[in-house]
$ cat structure.txt   # compact mmCIF, C-alpha atoms and all ligand atoms
# COMPACT_ATOMS: atom_id res chain seq x y z
CA MET L 258 -61.35 125.66 98.91
CA PRO L 259 -58.14 127.75 98.80
CA LYS L 260 -55.42 125.95 96.87
CA ASP L 261 -53.06 125.95 99.86
CA ASN L 262 -55.44 123.90 102.00
CA LEU L 263 -55.99 120.81 99.94
CA ASP L 264 -57.91 117.67 100.78
CA PRO L 265 -56.44 114.35 99.60
CA SER L 266 -58.57 114.25 96.46
CA ALA L 267 -57.19 117.66 95.50
CA ILE L 268 -53.64 116.26 95.77
CA ALA L 269 -54.71 113.40 93.48
CA GLU L 270 -56.16 115.94 91.05
CA LEU L 271 -52.93 117.94 91.01
CA LEU L 272 -50.92 114.77 90.33
CA SER L 273 -53.30 113.86 87.47
CA ALA L 274 -53.11 117.40 86.09
CA ARG L 275 -49.36 117.10 85.52
CA ARG L 276 -48.81 117.31 81.77
CA ALA L 277 -45.98 115.12 80.42
CA GLY L 278 -42.86 117.09 79.55
CA HIS L 279 -44.00 120.12 81.57
CA SER L 280 -43.23 121.60 84.95
CA LEU L 281 -45.62 120.62 87.75
CA PRO L 282 -48.98 122.25 88.56
CA ALA L 283 -48.48 125.15 91.01
CA GLY L 284 -50.12 123.49 94.02
CA LEU L 285 -47.56 120.67 93.97
CA TYR L 286 -44.92 123.30 94.74
CA THR L 287 -46.85 125.70 96.97
CA SER L 288 -49.40 123.80 99.04
CA PRO L 289 -48.53 123.02 102.68
CA GLU L 290 -50.71 119.89 102.38
CA VAL L 291 -48.66 118.64 99.43
CA TRP L 292 -45.52 119.46 101.39
CA LYS L 293 -46.76 117.22 104.22
CA ALA L 294 -47.62 114.51 101.70
CA ASP L 295 -44.09 114.82 100.23
CA CYS L 296 -42.57 114.48 103.70
CA ASP L 297 -44.63 111.33 104.17
CA ALA L 298 -44.39 109.67 100.74
CA ILE L 299 -40.93 110.76 99.62
CA PHE L 300 -38.89 111.73 102.67
CA SER L 301 -40.26 109.09 105.05
CA ARG L 302 -40.44 106.13 102.68
CA HIS L 303 -37.36 106.44 100.51
CA TRP L 304 -33.62 106.34 101.11
CA ILE L 305 -32.58 109.92 101.79
CA ALA L 306 -29.03 111.30 101.94
CA VAL L 307 -28.41 112.21 105.58
CA GLY L 308 -24.71 113.00 105.81
CA VAL L 309 -21.30 111.35 105.73
CA ALA L 310 -19.70 108.71 107.93
CA CYS L 311 -17.01 111.20 108.99
CA ASP L 312 -19.76 113.40 110.49
CA VAL L 313 -19.57 110.96 113.41
CA GLU L 314 -15.93 109.93 113.56
CA GLU L 315 -15.66 108.68 117.11
CA ALA L 316 -17.77 106.80 119.63
CA GLY L 317 -20.20 109.28 121.18
CA ASP L 318 -20.31 111.64 118.18
CA VAL L 319 -23.94 112.45 117.43
CA ILE L 320 -25.70 114.36 114.66
CA ALA L 321 -29.37 115.24 114.87
CA LEU L 322 -31.06 116.03 111.56
CA ASP L 323 -34.59 117.28 110.95
CA ILE L 324 -36.29 115.74 107.92
CA GLY L 325 -39.57 117.58 107.46
CA PRO L 326 -41.58 117.17 110.66
CA SER L 327 -39.44 114.19 111.71
CA SER L 328 -35.96 114.10 113.17
CA ILE L 329 -33.28 111.45 113.41
CA VAL L 330 -30.07 110.99 115.35
CA ILE L 331 -27.06 109.43 113.68
CA LEU L 332 -24.26 108.35 115.98
CA ARG L 333 -21.26 106.13 116.44
CA ASP L 334 -21.77 103.72 119.31
CA ASP L 335 -19.21 102.36 121.78
CA ASP L 336 -18.33 99.54 119.35
CA ASN L 337 -17.70 102.08 116.58
CA GLU L 338 -20.87 101.02 114.77
CA LEU L 339 -22.89 103.64 112.94
CA ARG L 340 -26.48 103.74 114.09
CA ALA L 341 -29.55 105.87 113.53
CA PHE L 342 -32.66 106.31 115.62
CA HIS L 343 -35.78 108.39 115.53
CA ASN L 344 -35.03 111.46 117.62
CA VAL L 345 -38.01 110.74 119.83
CA CYS L 346 -37.91 109.79 123.48
CA SER L 347 -39.67 106.50 124.29
CA HIS L 348 -41.31 108.10 127.35
CA ARG L 349 -43.62 110.87 126.17
CA GLY L 350 -41.98 111.53 122.84
CA ALA L 351 -39.90 114.63 123.51
CA ARG L 352 -37.20 115.52 120.99
CA LEU L 353 -34.09 113.97 122.52
CA VAL L 354 -31.20 115.74 120.83
CA PRO L 355 -31.12 119.31 119.44
CA PRO L 356 -30.32 119.68 115.71
CA GLY L 357 -26.61 119.69 114.89
CA ARG L 358 -23.57 118.04 116.40
CA SER L 359 -22.96 116.87 119.93
CA VAL L 360 -20.68 114.48 121.78
CA VAL L 361 -22.28 112.33 124.47
CA GLY L 362 -21.63 109.34 126.72
CA LYS L 363 -25.32 108.48 126.71
CA LEU L 364 -28.42 110.13 125.27
CA VAL L 365 -30.34 111.87 128.05
CA CYS L 366 -33.82 113.20 127.40
CA PRO L 367 -34.05 116.80 128.65
CA TYR L 368 -37.68 116.31 129.79
CA HIS L 369 -37.58 113.59 132.52
CA GLN L 370 -34.03 112.34 132.03
CA TRP L 371 -34.75 108.95 130.54
CA THR L 372 -31.27 107.85 129.54
CA TYR L 373 -30.27 105.68 126.58
CA ASP L 374 -27.06 103.82 125.75
CA LEU L 375 -25.57 104.56 122.35
CA ASP L 376 -27.06 101.31 121.03
CA GLY L 377 -30.50 102.75 121.80
CA ALA L 378 -31.17 100.62 124.89
CA LEU L 379 -33.01 102.37 127.73
CA ALA L 380 -30.43 102.42 130.52
CA LEU L 381 -32.24 104.48 133.11
CA ALA L 382 -35.79 105.70 133.68
CA PRO L 383 -35.93 107.51 137.03
CA GLN L 384 -39.03 107.20 139.24
CA MET L 385 -40.70 104.66 136.96
CA GLY L 386 -40.64 101.82 139.48
CA ARG L 387 -38.76 98.56 139.38
CA ASP L 388 -41.29 96.78 137.22
CA LEU L 389 -40.73 98.96 134.12
CA ASP L 390 -39.60 96.59 131.39
CA ARG L 391 -36.81 98.66 129.90
CA ASP L 392 -36.46 96.28 126.95
CA LEU L 393 -39.82 97.51 125.65
CA HIS L 394 -38.64 101.10 125.45
CA HIS L 395 -35.60 100.94 123.20
CA LEU L 396 -35.17 103.93 120.88
CA LYS L 397 -36.83 103.25 117.55
CA PRO L 398 -34.11 102.39 115.02
CA VAL L 399 -33.89 104.02 111.61
CA ALA L 400 -32.52 102.04 108.65
CA LEU L 401 -29.07 103.38 107.77
CA ARG L 402 -26.66 102.45 104.97
CA ASP L 403 -23.08 103.59 104.46
CA VAL L 404 -22.37 103.78 100.72
CA GLY L 405 -18.64 104.43 100.40
CA GLY L 406 -18.77 106.95 103.26
CA LEU L 407 -22.05 108.60 102.20
CA LEU L 408 -24.93 107.89 104.58
CA TYR L 409 -28.48 107.16 103.49
CA ALA L 410 -31.38 106.64 105.90
CA CYS L 411 -34.96 105.51 105.47
CA LEU L 412 -37.52 106.39 108.13
CA SER L 413 -39.87 103.63 107.04
CA ASP L 414 -40.05 100.17 108.65
CA ASP L 415 -40.12 98.79 105.11
CA PRO L 416 -37.30 100.54 103.22
CA PRO L 417 -37.04 100.08 99.44
CA GLY L 418 -34.81 97.08 98.66
CA ASP L 419 -33.21 98.72 95.65
CA ILE L 420 -30.76 100.59 97.87
CA ASP L 421 -28.69 97.49 97.05
CA THR L 422 -28.40 98.74 93.46
CA LEU L 423 -26.99 102.05 94.71
CA VAL L 424 -24.52 100.14 96.90
CA GLU L 425 -23.50 97.90 93.97
CA ILE L 426 -23.01 100.77 91.53
CA ALA L 427 -21.78 103.65 93.68
CA GLY L 428 -19.89 101.60 96.31
CA PRO L 429 -16.99 100.55 94.01
CA ARG L 430 -16.88 104.00 92.39
CA LEU L 431 -16.46 105.70 95.76
CA ALA L 432 -14.17 103.10 97.35
CA SER L 433 -10.82 104.54 96.24
CA TYR L 434 -11.60 107.97 97.73
CA ASP L 435 -11.94 106.53 101.24
CA LEU L 436 -14.53 109.17 102.15
CA GLY L 437 -15.27 107.35 105.42
CA GLN L 438 -11.80 108.40 106.58
CA ALA L 439 -11.96 111.95 105.19
CA ARG L 440 -12.41 115.12 107.22
CA ILE L 441 -15.02 117.82 106.83
CA ALA L 442 -13.05 120.98 106.07
CA PHE L 443 -16.11 123.20 105.85
CA GLU L 444 -19.88 122.97 106.10
CA GLU L 445 -22.46 125.47 104.90
CA ASP L 446 -26.23 125.64 105.44
CA ILE L 447 -28.35 127.76 103.12
CA ILE L 448 -32.09 128.20 103.42
CA GLU L 449 -33.58 128.47 99.95
CA ASP L 450 -36.91 130.30 99.64
CA GLY L 451 -38.43 127.58 97.51
CA ASN L 452 -40.04 124.18 97.49
CA TRP L 453 -37.62 121.23 97.73
CA LYS L 454 -38.70 120.02 94.28
CA LEU L 455 -37.63 123.33 92.76
CA THR L 456 -34.25 122.91 94.47
CA LEU L 457 -33.86 119.44 92.96
CA GLU L 458 -35.21 120.44 89.55
CA ASN L 459 -32.73 123.29 89.44
CA ASN L 460 -29.95 120.85 90.21
CA ARG L 461 -31.03 118.42 87.47
CA GLU L 462 -30.07 120.75 84.64
CA CYS L 463 -27.21 122.93 83.50
CA TYR L 464 -29.39 124.90 81.06
CA HIS L 465 -29.03 127.78 83.51
CA CYS L 466 -25.26 127.35 84.05
CA ALA L 467 -23.74 129.50 81.29
CA SER L 468 -25.73 132.58 82.26
CA ASN L 469 -25.80 132.07 86.04
CA HIS L 470 -22.65 130.23 87.11
CA PRO L 471 -19.63 132.02 85.58
CA GLN L 472 -17.30 130.57 88.21
CA LEU L 473 -18.58 126.96 88.09
CA SER L 474 -18.53 127.08 84.30
CA LEU L 475 -14.71 127.29 84.35
CA SER L 476 -14.48 123.71 85.66
CA PHE L 477 -17.83 122.29 84.57
CA HIS L 478 -19.04 121.32 81.08
CA ALA L 479 -22.69 122.38 80.90
CA ALA L 480 -22.98 120.22 77.77
CA ASP L 481 -22.57 117.11 79.97
CA PHE L 482 -26.16 117.73 80.99
CA GLY L 483 -27.44 117.98 77.43
CA PHE L 484 -27.45 120.51 74.62
CA ASP L 485 -29.64 121.28 71.65
CA PRO L 486 -27.87 119.80 68.61
CA GLU L 487 -30.09 121.72 66.19
CA GLY L 488 -28.57 124.88 64.75
CA LEU L 489 -25.23 124.93 66.60
CA THR L 490 -22.92 127.74 65.51
CA GLU L 491 -19.57 126.64 64.08
CA THR L 492 -17.84 127.42 67.36
CA GLU L 493 -20.44 125.50 69.37
CA GLN L 494 -20.14 122.52 67.01
CA ALA L 495 -16.34 122.59 67.38
CA GLU L 496 -16.70 122.67 71.19
CA ALA L 497 -19.14 119.75 71.13
CA ASP L 498 -16.74 117.75 68.93
CA ALA L 499 -13.80 118.58 71.19
CA LEU L 500 -15.72 117.43 74.28
CA ALA L 501 -16.74 114.18 72.57
CA GLU L 502 -13.07 113.56 71.66
CA ALA L 503 -11.95 114.38 75.19
CA TYR L 504 -14.46 111.82 76.55
CA ALA L 505 -13.12 109.19 74.15
CA ARG L 506 -9.60 109.78 75.55
CA TYR L 507 -10.59 110.04 79.22
CA ASN L 508 -12.92 107.04 79.07
CA ALA L 509 -10.14 104.93 77.55
CA TYR L 510 -7.77 106.05 80.33
CA TRP L 511 -10.34 105.38 83.08
CA ALA L 512 -11.10 101.98 81.57
CA ALA L 513 -7.38 101.11 81.53
CA GLU L 514 -7.08 102.20 85.17
CA GLY L 515 -10.08 100.04 86.10
CA LEU L 516 -12.08 103.11 87.14
CA PRO L 517 -15.80 102.82 86.39
CA PHE L 518 -16.93 105.83 84.39
CA GLU L 519 -20.14 104.93 82.52
CA ALA L 520 -23.31 106.90 83.14
CA VAL L 521 -25.74 104.77 85.17
CA GLU L 522 -29.29 106.02 85.58
CA HIS L 523 -31.65 104.38 88.04
CA THR L 524 -34.59 106.75 87.95
CA LEU L 525 -37.98 106.11 86.35
CA GLY L 526 -39.68 102.99 87.67
CA HIS L 527 -37.34 102.74 90.68
CA ALA L 528 -37.83 103.81 94.27
CA THR L 529 -34.17 104.70 94.90
CA ASN L 530 -33.60 107.36 92.27
CA PHE L 531 -29.93 107.97 91.45
CA ARG L 532 -27.59 108.76 88.59
CA THR L 533 -23.82 108.60 88.46
CA GLN L 534 -21.11 109.29 85.89
CA ARG L 535 -17.44 110.16 85.89
CA LEU L 536 -17.28 113.61 84.31
CA ILE L 537 -14.37 115.47 82.79
CA ILE L 538 -13.42 118.59 84.72
CA ALA L 539 -13.06 121.54 82.33
CA GLY L 540 -10.03 123.84 82.09
CA LEU L 541 -6.89 122.17 83.43
CA GLY L 542 -9.05 119.31 84.57
CA GLU L 543 -8.03 118.78 88.18
CA SER L 544 -10.75 120.15 90.43
CA GLN L 545 -13.73 122.47 90.76
CA THR L 546 -11.67 125.47 91.82
CA PRO L 547 -11.29 128.93 90.27
CA ASP L 548 -8.08 127.88 88.44
CA THR L 549 -9.32 124.28 87.91
CA ARG L 550 -6.24 122.93 89.68
CA ALA L 551 -6.35 120.78 92.82
CA ALA L 552 -7.12 122.84 95.93
CA VAL L 553 -5.61 120.30 98.33
CA ALA L 554 -1.99 119.09 98.31
CA LEU L 555 -2.91 115.67 99.72
CA PRO L 556 -5.02 113.52 97.40
CA LEU L 557 -8.29 112.06 98.62
CA GLY L 558 -7.68 108.32 98.83
CA SER L 559 -5.56 107.24 95.88
CA ASP L 560 -3.00 109.54 94.29
CA ARG L 561 -3.88 108.65 90.69
CA PRO L 562 -4.15 111.76 88.51
CA TRP L 563 -7.08 112.74 86.28
CA LEU L 564 -9.83 111.06 88.24
CA GLY L 565 -12.33 113.60 86.92
CA ASP L 566 -15.49 114.41 88.84
CA LEU L 567 -17.38 111.39 90.13
CA HIS L 568 -20.88 112.79 90.02
CA LEU L 569 -23.68 111.17 92.02
CA TRP L 570 -27.26 112.42 92.19
CA GLY L 571 -29.85 111.09 94.60
CA ILE L 572 -33.42 111.89 95.58
CA ASN L 573 -32.34 114.83 97.75
CA SER L 574 -28.63 115.03 97.03
CA TRP L 575 -25.83 115.78 94.61
CA ASN L 576 -22.16 115.00 95.03
CA HIS L 577 -18.97 115.81 93.19
CA VAL L 578 -16.07 113.61 94.27
CA MET L 579 -12.72 114.72 92.85
CA GLY L 580 -9.09 113.71 93.24
CA ASP L 581 -8.41 116.29 95.94
CA HIS L 582 -11.77 116.96 97.61
CA ALA L 583 -15.44 116.08 97.58
CA VAL L 584 -18.47 118.35 97.65
CA ILE L 585 -21.42 116.60 99.29
CA VAL L 586 -24.78 118.36 99.10
CA ALA L 587 -28.22 117.41 100.41
CA ALA L 588 -31.57 119.22 100.60
CA TYR L 589 -34.16 118.90 103.35
CA PRO L 590 -37.73 120.24 103.27
CA ILE L 591 -38.52 122.83 105.96
CA ALA L 592 -41.87 124.11 104.65
CA ALA L 593 -43.65 124.30 101.28
CA GLY L 594 -41.54 127.34 100.37
CA ARG L 595 -38.38 126.71 102.40
CA THR L 596 -35.62 124.18 101.89
CA LEU L 597 -32.34 123.63 103.72
CA VAL L 598 -29.35 122.98 101.45
CA ARG L 599 -26.43 121.57 103.41
CA THR L 600 -23.00 121.35 101.76
CA LYS L 601 -19.89 119.63 103.13
CA TRP L 602 -16.39 119.92 101.69
CA LEU L 603 -14.37 116.78 102.43
CA VAL L 604 -10.58 116.56 102.31
CA HIS L 605 -7.94 113.99 103.30
CA ARG L 606 -8.01 113.66 107.07
CA ASP L 607 -4.37 114.77 107.39
CA ALA L 608 -4.75 117.85 105.19
CA VAL L 609 -4.05 120.97 107.23
CA GLU L 610 -5.78 124.25 106.47
CA GLY L 611 -3.31 126.99 105.54
CA GLU L 612 -0.61 124.42 104.74
CA ASP L 613 -2.19 121.87 102.43
CA TYR L 614 -5.09 124.00 101.24
CA ASP L 615 -6.54 127.47 101.36
CA LEU L 616 -10.14 127.32 102.61
CA GLU L 617 -11.33 130.14 100.36
CA ASN L 618 -9.84 128.48 97.27
CA LEU L 619 -11.33 125.12 98.30
CA THR L 620 -14.87 126.35 98.89
CA THR L 621 -15.44 129.37 96.69
CA VAL L 622 -16.77 127.63 93.56
CA TRP L 623 -19.59 125.78 95.31
CA ARG L 624 -20.33 128.52 97.85
CA THR L 625 -20.78 130.90 94.92
CA THR L 626 -22.75 128.33 92.91
CA ASN L 627 -25.02 127.56 95.87
CA ALA L 628 -25.77 131.25 96.39
CA GLU L 629 -26.56 131.64 92.69
CA ASP L 630 -28.79 128.56 92.76
CA ALA L 631 -30.58 129.75 95.92
CA HIS L 632 -31.43 132.96 94.09
CA LEU L 633 -32.80 131.04 91.08
CA VAL L 634 -34.86 128.70 93.25
CA GLY L 635 -36.32 131.75 95.01
CA LEU L 636 -37.29 133.27 91.66
CA ALA L 637 -38.87 129.99 90.55
CA HIS L 638 -40.88 129.72 93.77
CA GLN L 639 -42.10 133.30 93.41
CA GLY L 640 -43.22 132.46 89.89
CA VAL L 641 -45.09 129.25 90.72
CA SER L 642 -46.82 131.10 93.58
CA SER L 643 -48.23 133.74 91.18
CA THR L 644 -51.67 133.57 89.60
CA GLY L 645 -50.06 133.94 86.18
CA TYR L 646 -48.09 130.66 86.43
CA ARG L 647 -48.82 127.96 83.85
CA PRO L 648 -46.66 124.82 83.73
CA GLY L 649 -44.17 125.31 80.90
CA PRO L 650 -42.33 122.85 78.61
CA TYR L 651 -39.00 121.30 79.53
CA SER L 652 -36.32 121.19 76.85
CA ARG L 653 -35.98 117.62 75.63
CA TYR L 654 -32.25 118.28 75.28
CA THR L 655 -31.23 120.19 78.38
CA GLU L 656 -34.02 119.38 80.84
CA ARG L 657 -34.57 115.67 80.26
CA ALA L 658 -33.38 114.86 83.78
CA VAL L 659 -35.74 117.49 85.22
CA ASP L 660 -38.63 115.91 83.35
CA ASP L 661 -37.60 112.49 84.67
CA PHE L 662 -37.45 113.86 88.21
CA ALA L 663 -40.95 115.36 87.96
CA THR L 664 -42.30 112.15 86.42
CA TRP L 665 -40.59 110.04 89.07
CA TYR L 666 -42.10 112.24 91.78
CA VAL L 667 -45.65 111.87 90.45
CA GLU L 668 -45.19 108.09 90.12
CA ARG L 669 -43.85 107.75 93.65
CA MET L 670 -46.69 109.84 95.12
CA ARG L 671 -49.20 107.60 93.34
CA ASP L 672 -47.41 104.47 94.54
CA HIS L 673 -47.79 105.70 98.08
CA GLY L 674 -51.52 106.27 97.81
CA TYR L 675 -51.73 109.95 96.92
CA GLY L 676 -52.99 109.37 93.38
CA ALA L 677 -56.54 109.13 92.10
O1 LIG K 1 -24.38 119.89 90.71
C1 LIG K 1 -25.01 119.31 89.88
O2 LIG K 1 -25.07 118.12 89.99
C2 LIG K 1 -25.70 119.98 88.75
C3 LIG K 1 -25.26 119.48 87.45
C4 LIG K 1 -25.77 120.43 86.49
C5 LIG K 1 -26.11 121.64 87.25
N1 LIG K 1 -25.69 121.43 88.60
C6 LIG K 1 -24.47 122.08 88.82
FE1 LIG K 2 -38.27 111.91 127.54
FE2 LIG K 2 -40.07 112.11 129.48
S1 LIG K 2 -40.31 112.59 127.39
S2 LIG K 2 -38.01 111.49 129.62
FE FE K 3 -27.08 125.80 89.30

$ encode --input "structure.txt" --output "structure tokens" --more "lines below"
Ligand code: 3BY
Ligand code: FES
Ligand code: FE
Amino acid sequence: MPKDNLDPSAIAELLSARRAGHSLPAGLYTSPEVWKADCDAIFSRHWIAVGVACDVEEAGDVIALDIGPSSIVILRDDDNELRAFHNVCSHRGARLVPPGRSVVGKLVCPYHQWTYDLDGALALAPQMGRDLDRDLHHLKPVALRDVGGLLYACLSDDPPGDIDTLVEIAGPRLASYDLGQARIAFEEDIIEDGNWKLTLENNRECYHCASNHPQLSLSFHAADFGFDPEGLTETEQAEADALAEAYARYNAYWAAEGLPFEAVEHTLGHATNFRTQRLIIAGLGESQTPDTRAAVALPLGSDRPWLGDLHLWGINSWNHVMGDHAVIVAAYPIAAGRTLVRTKWLVHRDAVEGEDYDLENLTTVWRTTNAEDAHLVGLAHQGVSSTGYRPGPYSRYTERAVDDFATWYVERMRDHGYGA
């Protein structure tokens, strides 16, 4: 059987073939059947980053988002409550809302005009007779949680309970930035020519940063994501010592200010995979900009200086929340070899473009970094699609988080019945 048309036992075999400490067997990246299994086991049964509360600021604001073969709508209802539903009409299942943003009074299905209130209730079903029990045809709700302004949804009727741990840990860290009240200054969609796991693996390491991200490297310490302590040159040793000293100073300051900073990892053995830490911004230390100074005159939330970079990774997301702006990124699987990477730059709601910030200065570091990463993910996907690919070893120093991600993935697939 060709490797791209796998039966379930072949998926189990691929999961079993994964060698500890090594990248995944090719089929786990390239097979459309594995992609479908990922959409089922990972993207439909875990808490997935789906956007930000300020995507839907006012009653009637709607976002439709495709997640693999599924689609959800996220909206703000007439009582200002955030809600999410499957983007599926209760009549004959037509997609209700096109992908992207819209503003509506009610949700009207384009097919036969069944019409839903913003709380999902079926308000109108023309020509269906008086005896149609409209209460039976409510839109199917999707579990949605607002974690300090970041939205997570789970398509399953039985969402993992450990989202509460993310809320407990990340909620207080995000609170002072008031992201729920922020404004999206810019949004960018990139389609990467690679499997979603290659996108996430690439994000879980900074081994590639020095040689691929010259601009990001001005404000980002690659060593935060691990370095090989064996055989450092004198200069490298001095840099490592200086960074350790800087952390001692910053951590003491953050502790005195009551700002949580510790690294918290909730990965292996947990359904809701996340990691967070307050990182030092390199250079002048203010923001991930070309000159490492704040890009926005108005602070995001509190005006305390030296907040660093509140870094938060999730199953399909990575976020950098800084004193002046936040970069919110999430990846969505489109096909085995195609992944959407959606980035939002958040600023204080009153910040005015051209007066309080320059859009190019605000966005250039991560637009450049995203383009560089898209290129690398494309190269990786080309490689794993070649007959010459053999899973290779991860560095125990710089790719530990990649290894954990791959191990977590195999565990979760097994937990959801795809193992042997
Ligand atoms: O954005 C991130 O979270 C990661 C950290 C290391 C590489 N990449 C930039
Ligand atoms: Fe929506 Fe018929 S499928 S109204
Ligand atoms: Fe990168």

$ residues_around --input "structure.txt" --residues "range 402-417 of chain L" --least-positions-apart "6" --cutoff "6 Å" --atoms "only C-alpha atoms" --output "list in words"
Ser301, Arg302, His303, Trp304, Ile305, Ala306, Val307, Gly308, Val309, Ala310, Val424, Gly428, Leu431, Ala432, Leu436 and Gly437 of chain L

$ residues_near_point --input "structure.txt" --point "(-21.3, 129.0, 97.9)" --cutoff "12 Å" --atoms "only C-alpha atoms" --output "ChimeraX atom specification"
/L:443-447,470,472-473,546,584,586,598-602,617-632

$ write_last_selection --input "structure.txt" --atoms "C-alpha atoms" --output "PDB file, in the coordinates of the input"
ATOM      1  CA  PHE L 443     -16.110 123.200 105.850  1.00  0.00           C
ATOM      2  CA  GLU L 444     -19.880 122.970 106.100  1.00  0.00           C
ATOM      3  CA  GLU L 445     -22.460 125.470 104.900  1.00  0.00           C
ATOM      4  CA  ASP L 446     -26.230 125.640 105.440  1.00  0.00           C
ATOM      5  CA  ILE L 447     -28.350 127.760 103.120  1.00  0.00           C
ATOM      6  CA  HIS L 470     -22.650 130.230  87.110  1.00  0.00           C
ATOM      7  CA  GLN L 472     -17.300 130.570  88.210  1.00  0.00           C
ATOM      8  CA  LEU L 473     -18.580 126.960  88.090  1.00  0.00           C
ATOM      9  CA  THR L 546     -11.670 125.470  91.820  1.00  0.00           C
ATOM     10  CA  VAL L 584     -18.470 118.350  97.650  1.00  0.00           C
ATOM     11  CA  VAL L 586     -24.780 118.360  99.100  1.00  0.00           C
ATOM     12  CA  VAL L 598     -29.350 122.980 101.450  1.00  0.00           C
ATOM     13  CA  ARG L 599     -26.430 121.570 103.410  1.00  0.00           C
ATOM     14  CA  THR L 600     -23.000 121.350 101.760  1.00  0.00           C
ATOM     15  CA  LYS L 601     -19.890 119.630 103.130  1.00  0.00           C
ATOM     16  CA  TRP L 602     -16.390 119.920 101.690  1.00  0.00           C
ATOM     17  CA  GLU L 617     -11.330 130.140 100.360  1.00  0.00           C
ATOM     18  CA  ASN L 618      -9.840 128.480  97.270  1.00  0.00           C
ATOM     19  CA  LEU L 619     -11.330 125.120  98.300  1.00  0.00           C
ATOM     20  CA  THR L 620     -14.870 126.350  98.890  1.00  0.00           C
ATOM     21  CA  THR L 621     -15.440 129.370  96.690  1.00  0.00           C
ATOM     22  CA  VAL L 622     -16.770 127.630  93.560  1.00  0.00           C
ATOM     23  CA  TRP L 623     -19.590 125.780  95.310  1.00  0.00           C
ATOM     24  CA  ARG L 624     -20.330 128.520  97.850  1.00  0.00           C
ATOM     25  CA  THR L 625     -20.780 130.900  94.920  1.00  0.00           C
ATOM     26  CA  THR L 626     -22.750 128.330  92.910  1.00  0.00           C
ATOM     27  CA  ASN L 627     -25.020 127.560  95.870  1.00  0.00           C
ATOM     28  CA  ALA L 628     -25.770 131.250  96.390  1.00  0.00           C
ATOM     29  CA  GLU L 629     -26.560 131.640  92.690  1.00  0.00           C
ATOM     30  CA  ASP L 630     -28.790 128.560  92.760  1.00  0.00           C
ATOM     31  CA  ALA L 631     -30.580 129.750  95.920  1.00  0.00           C
ATOM     32  CA  HIS L 632     -31.430 132.960  94.090  1.00  0.00           C
TER      33      HIS L 632
END

$ residues_near_ligand --input "structure.txt" --ligand "ligand LIG 1 (chain K)" --cutoff "7 Å" --atoms "all atoms listed in the file" --output "list in words"
Asn460, Arg461, Glu462, Cys463, Cys466, Ala479, Phe482, His568, Trp570, Trp575 and Asn576 of chain L

$ residues_around --input "structure.txt" --residues "range 326-329 of chain L" --least-positions-apart "5" --cutoff "10 Å" --atoms "all atoms listed in the file" --output "number ranges by chain"
L: 293, 296-297, 300-301, 307, 320-321, 341-345, 352-356, 397-399, 410, 412, 590-592

$ closest_residue --input "structure.txt" --among "L:Leu541, L:Val330, L:Leu569, L:Cys366" --to "Arg430 in chain L" --atoms "all atoms listed in the file"
L:Leu569

$ residues_around --input "structure.txt" --residues "Arg606 in chain L" --least-positions-apart "2" --cutoff "7 Å" --atoms "all atoms listed in the file" --output "PyMOL selection string"
chain L and resi 438-440+604+608

$ closest_residue --input "structure.txt" --among "L:Ala637, L:Met579, L:Ala552, L:Leu272" --to "Leu285 in chain L" --atoms "all atoms listed in the file"
L:Leu272

$ atom_distance --input "structure.txt" --atom1 "CA of Arg595 in chain L" --atom2 "CA of Leu636 in chain L"
12.6 Å
